[in-house]
Structures are given as structure tokens and as C-alpha cells.
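One structure is given here, and the rest of the page talks about it.
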Amino acid sequence: MTSIRAFLFALLLLPMTPAAAQPALVEQAIAAGQVGERYDGYMGFVGTPSPQLKRQVDAINIRRRNLYIGLSTRRNVSPQLAGMATACQLLSRLGAGEAYMLADGAWRRKTVGQAVPLPDYCR
């Protein structure tokens, strides 16, 4: 996917604004492996979330979707491509014990010293 590689390069040229702090409940769920990053740039649930956790993660995903729409407009690509490109960065920054999902739909947890196997389009 040459277009995603070009988009990734262009994305790296954009000044990255610091992400707003995650709500404490979301941070706890990430640390517990109940919430993780997905290959498409969105957060997902490893199990069944509480209603409050679901609302908070849904709100984060809505903000991400709006960000991807804005990026896609500026770079003339689809929002899906913008999300996938962002996922490459998010997956590469995971800490030990954090959950992640690749395109096969299986949840995994990053172990100490392990590199997350990034999708081919990230390279």
C-alpha cells in the first residue's frame, strides 16, 4: 500500500499536539488490559465494559474519528486510511501489558521486550 506509506510520511511531518489526558477509568482499564488499541486507530474492549467505561471510550473514539476526518480532508485520503496510519504510531507506542488488536480480530497483550508486530502497511 504505497498510499498509506506516503500518508504516514506526511503524517509525521504534521506537528503532533499533545493528547488530552485520558479519564482515570480509561487509564485503569488500559492498565488492566480491558481496553486496547486497534489496528484501525480506534480503542476497543477486550471484554464487556461497564456502561461508564463504554461511554468514556466511545467519546474518545468520536474525537479520534473527527481527527481522522480532519486529517483525511487535509491530505486527500479516506478517514479510514488516516485512522490506520495513526494506528501504526499508537501500536508502536504501547507499553508492556497493554492490549492491542490486529486486523485478524484477536486481542493480544504486549509483553516486556516484545515489539508489537505492526501491519505491513506501517512499514
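Residue numbering restarts at 1 for every chain of the C-alpha cells, chains are lettered A, B, ... in their displayed order, and ligands are numbered from 1 as they appear.
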From the DSSP assignment of the backbone, select every residue of region 12-117 of chain A that is strand (DSSP E), and format the answer as a ChimeraX atom specification.
/A:35-38,43-45,99-101,107-109
Same residues, N, CA and C atoms, output as a short mmCIF file (atom, residue, chain, number, x, y, z; two decimals), in the first residue's frame:
```
data_model
loop_
_atom_site.label_atom_id
_atom_site.label_comp_id
_atom_site.auth_asym_id
_atom_site.auth_seq_id
_atom_site.Cartn_x
_atom_site.Cartn_y
_atom_site.Cartn_z
N VAL A 35 -9.16 -2.57 27.91
CA VAL A 35 -9.32 -1.68 26.76
C VAL A 35 -7.99 -1.65 26.05
N GLY A 36 -8.02 -1.65 24.72
CA GLY A 36 -6.77 -1.62 23.98
C GLY A 36 -6.89 -0.90 22.66
N GLU A 37 -5.75 -0.75 22.02
CA GLU A 37 -5.69 -0.09 20.71
C GLU A 37 -5.97 -1.11 19.61
N ARG A 38 -6.66 -0.65 18.60
CA ARG A 38 -7.00 -1.49 17.45
C ARG A 38 -6.19 -1.06 16.22
N MET A 43 -10.01 2.69 19.83
CA MET A 43 -9.88 1.86 21.01
C MET A 43 -11.00 0.83 20.99
N GLY A 44 -10.73 -0.32 21.59
CA GLY A 44 -11.74 -1.37 21.64
C GLY A 44 -11.75 -2.03 23.01
N PHE A 45 -12.75 -2.86 23.23
CA PHE A 45 -12.94 -3.55 24.51
C PHE A 45 -12.53 -5.01 24.38
N ALA A 99 -3.17 -4.07 25.89
CA ALA A 99 -3.84 -4.90 24.90
C ALA A 99 -3.86 -4.20 23.54
N TYR A 100 -3.84 -5.02 22.50
CA TYR A 100 -3.94 -4.50 21.14
C TYR A 100 -4.59 -5.54 20.25
N MET A 101 -5.19 -5.05 19.17
CA MET A 101 -5.85 -5.92 18.19
C MET A 101 -5.29 -5.62 16.81
N TRP A 107 -7.34 -10.30 20.21
CA TRP A 107 -6.71 -9.43 21.19
C TRP A 107 -5.44 -10.09 21.70
N ARG A 108 -4.40 -9.29 21.88
CA ARG A 108 -3.12 -9.73 22.41
C ARG A 108 -2.68 -8.72 23.46
N ARG A 109 -1.69 -9.11 24.27
CA ARG A 109 -1.10 -8.17 25.22
C ARG A 109 0.39 -8.10 24.95
#
```
Who sits within 7 Å of Val57 (chain A), only C-alpha atoms, same chain under 4 positions skipped, as an MDAnalysis selection string
chainID A and resid 26 43 53 61
For CA of Ala96 (chain A) and CA of Val112 (chain A), determine how far apart the two atoms are, in Å to one decimal place.
5.1 Å
So that I can check the surroundings of Pro23 (chain A), please list as a VMD selection string every protein, DNA and RNA residue that reaches within 12 Å of it, counting only C-alpha atoms and ignoring chain neighbours fewer than 5 positions away.
chain A and resid 28 to 30 52 to 57 59 to 60
Give me, as an MDAnalysis selection string, the residues of chain A that a backbone DSSP run labels helix (DSSP H, G or I).
chainID A and resid 2:13 24:31 51:75 79:92 120:122
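Atom pair CA of Gln89 (chain A) / CA of Gly41 (chain A) has a distance of 9.0 Å (rounded to one decimal).
Coordinates place CA of Leu102 (chain A) at a distance of 16.2 Å from CA of Ala82 (chain A).
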Could you name the residues that touch Gly95 (chain A) at 10 Å or less, counting only C-alpha atoms, but leaving out those on the same chain fewer than 5 positions away, as a ChimeraX atom specification?
/A:30-31,109-116
Output N, CA and C atoms for every residue in the selection just made, as a short mmCIF file (atom, residue, chain, number, x, y, z; two decimals), in the first residue's frame.
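Produced file out01.cif, reproduced below:
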```cif
data_model
loop_
_atom_site.label_atom_id
_atom_site.label_comp_id
_atom_site.auth_asym_id
_atom_site.auth_seq_id
_atom_site.Cartn_x
_atom_site.Cartn_y
_atom_site.Cartn_z
N ILE A 30 -7.03 0.38 30.61
CA ILE A 30 -5.89 0.10 29.73
C ILE A 30 -4.85 -0.70 30.50
N ALA A 31 -4.54 -0.25 31.71
CA ALA A 31 -3.54 -0.94 32.54
C ALA A 31 -3.96 -2.37 32.87
N ARG A 109 -1.69 -9.11 24.27
CA ARG A 109 -1.10 -8.17 25.22
C ARG A 109 0.39 -8.10 24.95
N LYS A 110 0.89 -6.89 24.95
CA LYS A 110 2.32 -6.70 24.72
C LYS A 110 3.08 -7.15 25.96
N THR A 111 4.13 -7.92 25.76
CA THR A 111 4.96 -8.36 26.87
C THR A 111 6.24 -7.55 26.91
N VAL A 112 6.91 -7.59 28.04
CA VAL A 112 8.16 -6.85 28.22
C VAL A 112 9.16 -7.30 27.15
N GLY A 113 9.77 -6.34 26.48
CA GLY A 113 10.78 -6.64 25.47
C GLY A 113 10.23 -7.05 24.12
N GLN A 114 8.93 -7.18 24.01
CA GLN A 114 8.29 -7.57 22.75
C GLN A 114 7.96 -6.34 21.92
N ALA A 115 8.22 -6.41 20.65
CA ALA A 115 7.75 -5.38 19.73
C ALA A 115 6.41 -5.83 19.17
N VAL A 116 5.47 -4.93 19.09
CA VAL A 116 4.16 -5.26 18.52
C VAL A 116 4.37 -5.48 17.04
#
```
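Using only C-alpha atoms, the smallest distance between any of A:Ala106, A:Cys122, A:Ile62, A:Leu67 and Pro79 (chain A) comes from A:Leu67.
For the set A:Ile69, A:Leu25, A:Ala87, A:Leu81, the residue with the smallest atom-to-atom gap to Ser50 (chain A) is A:Leu25, counting only C-alpha atoms.
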For each of A:Val77, A:Gly70, A:Pro117, A:Arg65, take the minimum atom-to-atom distance to Arg93 (chain A), counting only C-alpha atoms, then give the residue where this is smallest.
A:Pro117
